[in-house]
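K.L.:
Here it is, the structure, as structure tokens.
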Amino acid sequence: MNYTDFSKNVLNWYSANKRDLPWRCKNNSQKDPYKIWVSEIMLQQTTVATVIPYYKKFLEKWPNIEKLSKSNVNEVLDFWSGLGYYRRAKNLHLTSKIISNQFNGIFPLEKNEIIKLPGVGEYTAAAIRAIAKDEKDTVVDANIERVIARIFYLKKPIKQIKKEIKQNAEKLTPKLSNGDYIQALMDIGSLICTPKDPTCDNCPIEKFCITKKKNAVNEIPKKIIKNDKPVREGIVYWIKNKNNQILLKRREENGLLPGMLEFPSYNWSKNKINENDKKILSIKNTKKLEKKVMHEFSHFKLLLTIYEINKFNKNSINGMWVGIDEINQLGLPTLMKKVYQQVMEI
DNA sequence: AACGCGGGGTC
DNA sequence: GACCCAGCGTT
């Protein structure tokens, strides 16, 4: 295969067809590693359409590393509400502190430095370096994995051939304009070389594609049959004081939904029970509501039963007491938004 | 190498 | 419903 021709086709297609995305600037001199980094963190395992509104609001709120480093980590966590993988928010905040304190506020782009930043792994390091500086790092995301698997007709499930995919991707990496090139491949993967029924007629690299020649585009990449998710059951407390306020608390720093706000909830997460939790669990006169909440995490389903406590009047419980009307403005994870919705419907 | 880690878009 | 997404960190 003529690899120069391959990347040339990709880049020509990009200049005419690239998606208009808020983290892409028209003028290369405006490239800001901070903005590229924020976009790449948000886009980890998250679709472009979901990220766009969050990205715009994030940059309005924290337009540079300095502003972000002076924020409170809970602000960033609450902002992340609904986006998922909340450790990303913690790492984003932590990294802004590191860059502010150890790198004089200048975003480090050297490979050995960027890869050490919390939340930046092999993919993200390569992507930021390529997009910000046109470094020739080989970048492989979920889109590019699929494109490469099809171009080279790799028949095994992607999980099993990560190394082979990267080696093949490396052969195609151009000497110039690698930033545009990888973004182009991602656009091609997202718009044309889709998981189901790719529109090969529109593909600028169709002539290089062995899978297309073999007429097997819906067989590559090979899918893995997933097991059903187990169901866990737990309880969640809707605790109201005599001022009609509801009790919320922050979760443990590690594990599921780390540091996020929740209505006290137990028996389903591996988070340890601390003294404050024991106090909550010892509250008497709870009333079981008929309503339940079903929520799906990445690796299990959760069925929560809601218990209600009214006119709770002890003040030895640590947490936030919040008026019912103000709960909507907080940054709750989706699971807890569902609990709120259920109680409001009763 | 395998697993824990969310949530929403899309058909 | 099922599938998938600009992956990372830990074990």
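Chain labels A, B, ... are given in the sequence in which chains occur in the structure tokens; within each chain residues are numbered consecutively from 1, and ligands are likewise numbered from 1 in the order shown.
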Counting only C-alpha atoms (C1' of nucleotides), which residues in chain A sit no more than 9 Å from chain C? For each one, give the nearest pair of atoms and the distance in Å, sorted by chain then residue number, as a Markdown table.
P.N.:
```
| residue | atom | partner | partner_atom | distance |
| --- | --- | --- | --- | --- |
| A:Ser39 | CA | C:DA6 | C1' | 8.6 |
| A:Glu40 | CA | C:DA6 | C1' | 6.2 |
| A:Ile41 | CA | C:DA6 | C1' | 8.6 |
| A:Met42 | CA | C:DA6 | C1' | 8.8 |
| A:Leu43 | CA | C:DA6 | C1' | 5.3 |
| A:Gln44 | CA | C:DG7 | C1' | 5.4 |
| A:Gln45 | CA | C:DC5 | C1' | 5.0 |
| A:Thr46 | CA | C:DC5 | C1' | 5.1 |
| A:Thr47 | CA | C:DC5 | C1' | 5.0 |
| A:Val48 | CA | C:DA6 | C1' | 8.1 |
| A:Arg88 | CA | C:DC8 | C1' | 8.9 |
| A:Pro118 | CA | C:DC8 | C1' | 8.7 |
| A:Gly119 | CA | C:DC8 | C1' | 6.0 |
| A:Val120 | CA | C:DC8 | C1' | 7.1 |
| A:Gly121 | CA | C:DC8 | C1' | 6.0 |
| A:Glu122 | CA | C:DG7 | C1' | 8.7 |
| A:Tyr123 | CA | C:DG7 | C1' | 7.2 |
| A:Thr124 | CA | C:DG7 | C1' | 8.0 |
| A:Ala127 | CA | C:DA6 | C1' | 8.2 |
| A:Val140 | CA | C:DA6 | C1' | 8.8 |
| A:Asp141 | CA | C:DA6 | C1' | 6.0 |
| A:Ala142 | CA | C:DC5 | C1' | 7.4 |
| A:Asn143 | CA | C:DA6 | C1' | 7.8 |
| A:Gln183 | CA | C:DA6 | C1' | 8.5 |
| A:Met186 | CA | C:DA6 | C1' | 7.3 |
| A:Pro195 | CA | C:DC4 | C1' | 8.2 |
```
K.L.:
Write a file of the just-selected residues containing C-alpha atoms, as a PDB file, in the first residue's frame.
P.N.:
```
ATOM      1  CA  SER A  39     -11.887  18.544  25.368  1.00  0.00           C
ATOM      2  CA  GLU A  40      -9.889  15.307  25.352  1.00  0.00           C
ATOM      3  CA  ILE A  41     -10.677  14.566  28.999  1.00  0.00           C
ATOM      4  CA  MET A  42     -14.380  15.193  28.435  1.00  0.00           C
ATOM      5  CA  LEU A  43     -14.376  13.033  25.317  1.00  0.00           C
ATOM      6  CA  GLN A  44     -12.970   9.968  27.086  1.00  0.00           C
ATOM      7  CA  GLN A  45     -15.640   7.294  26.559  1.00  0.00           C
ATOM      8  CA  THR A  46     -18.182  10.041  25.919  1.00  0.00           C
ATOM      9  CA  THR A  47     -19.830  10.961  22.644  1.00  0.00           C
ATOM     10  CA  VAL A  48     -19.157  14.250  20.886  1.00  0.00           C
ATOM     11  CA  ARG A  88     -12.168  12.786  35.387  1.00  0.00           C
ATOM     12  CA  PRO A 118      -3.461  12.298  36.400  1.00  0.00           C
ATOM     13  CA  GLY A 119      -6.185  11.325  33.955  1.00  0.00           C
ATOM     14  CA  VAL A 120      -3.855  11.453  30.946  1.00  0.00           C
ATOM     15  CA  GLY A 121      -3.033   8.027  29.536  1.00  0.00           C
ATOM     16  CA  GLU A 122      -1.450   6.847  26.325  1.00  0.00           C
ATOM     17  CA  TYR A 123      -4.264   7.959  24.069  1.00  0.00           C
ATOM     18  CA  THR A 124      -4.832  11.394  25.589  1.00  0.00           C
ATOM     19  CA  ALA A 127      -3.816  13.177  21.009  1.00  0.00           C
ATOM     20  CA  VAL A 140      -5.702   5.305  18.413  1.00  0.00           C
ATOM     21  CA  ASP A 141      -9.187   5.893  19.779  1.00  0.00           C
ATOM     22  CA  ALA A 142     -12.362   3.836  19.368  1.00  0.00           C
ATOM     23  CA  ASN A 143     -13.074   5.379  15.954  1.00  0.00           C
ATOM     24  CA  GLN A 183      -8.917  14.273  13.785  1.00  0.00           C
ATOM     25  CA  MET A 186     -11.877  10.188  13.898  1.00  0.00           C
ATOM     26  CA  PRO A 195     -20.093   0.486  13.463  1.00  0.00           C
TER      27      PRO A 195
END
```
K.L.:
Select from stretch 130-237 of chain A everything DSSP, run on the backbone, classes as strand (DSSP E), then give the selection as JSON, numbers by chain.
P.N.:
{"A": [231, 232, 233, 234, 235, 236, 237]}
K.L.:
How would the residues just picked look written out with N, CA and C atoms as an mmCIF file, in the first residue's frame?
P.N.:
```cif
data_model
loop_
_atom_site.group_PDB
_atom_site.id
_atom_site.type_symbol
_atom_site.label_atom_id
_atom_site.label_comp_id
_atom_site.auth_asym_id
_atom_site.auth_seq_id
_atom_site.Cartn_x
_atom_site.Cartn_y
_atom_site.Cartn_z
ATOM 1 N N VAL A 231 -27.781 -7.489 39.008
ATOM 2 C CA VAL A 231 -28.628 -6.487 39.647
ATOM 3 C C VAL A 231 -28.288 -6.426 41.128
ATOM 4 N N ARG A 232 -27.979 -5.243 41.609
ATOM 5 C CA ARG A 232 -27.790 -5.058 43.050
ATOM 6 C C ARG A 232 -28.973 -4.255 43.578
ATOM 7 N N GLU A 233 -29.286 -4.492 44.858
ATOM 8 C CA GLU A 233 -30.375 -3.738 45.482
ATOM 9 C C GLU A 233 -29.861 -2.992 46.690
ATOM 10 N N GLY A 234 -30.376 -1.809 46.903
ATOM 11 C CA GLY A 234 -29.960 -1.012 48.048
ATOM 12 C C GLY A 234 -31.086 -0.103 48.506
ATOM 13 N N ILE A 235 -30.763 0.749 49.469
ATOM 14 C CA ILE A 235 -31.768 1.672 49.977
ATOM 15 C C ILE A 235 -31.239 3.101 49.892
ATOM 16 N N VAL A 236 -32.162 4.032 49.813
ATOM 17 C CA VAL A 236 -31.788 5.450 49.810
ATOM 18 C C VAL A 236 -32.756 6.187 50.730
ATOM 19 N N TYR A 237 -32.214 7.093 51.523
ATOM 20 C CA TYR A 237 -33.029 7.812 52.507
ATOM 21 C C TYR A 237 -33.376 9.212 52.030
#
```
K.L.:
Pull the closest atom pair for each residue of chain B that gets at most 9 Å from chain A, along with the distance in Å to one decimal, counting only C-alpha atoms (C1' of nucleotides), ordering rows by chain and then ascending residue number, as JSON lines.
P.N.:
```
{"residue": "B:DG4", "atom": "C1'", "partner": "A:His299", "partner_atom": "CA", "distance": 7.8}
{"residue": "B:DC5", "atom": "C1'", "partner": "A:Tyr85", "partner_atom": "CA", "distance": 6.1}
{"residue": "B:DG6", "atom": "C1'", "partner": "A:Gly84", "partner_atom": "CA", "distance": 4.1}
{"residue": "B:DG7", "atom": "C1'", "partner": "A:Gly84", "partner_atom": "CA", "distance": 5.5}
{"residue": "B:DG8", "atom": "C1'", "partner": "A:Thr50", "partner_atom": "CA", "distance": 7.0}
{"residue": "B:DG9", "atom": "C1'", "partner": "A:Thr47", "partner_atom": "CA", "distance": 7.7}
```
K.L.:
Let me make sure I understand: among A:Asn254, A:Asn2, A:Asn64, A:Asn12, which one has the smallest atom-to-atom distance to A:Ser177 if we use only C-alpha atoms?
P.N.:
A:Asn12
K.L.:
Excluding A:Lys240 and residues on its chain fewer than 3 positions from it, collect all residues at most 7 Å away from it, counting only C-alpha atoms (C1' of nucleotides), and give them as a list in words.
P.N.:
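So, after excluding close chain neighbours, the residues are Asn244, Gln245, Ile246, Leu247, Ile309, Asn310, Lys311 and Phe312 of chain A.
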K.L.:
Using only C-alpha atoms for the distances, tell me which of A:Val76, A:Ser69, A:Lys223, A:Pro264 is nearest to A:Asn101.
P.N.:
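Checking each of A:Val76, A:Ser69, A:Lys223, A:Pro264 against A:Asn101, counting only C-alpha atoms, the winner is A:Ser69.
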K.L.:
For a test of reading the model, state the distance in Å between atom C1' of B:DC3 and atom CA of A:Asp228, rounded to one decimal.
P.N.:
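Spanning atom C1' of B:DC3 to atom CA of A:Asp228 is a straight-line distance of 15.7 Å.
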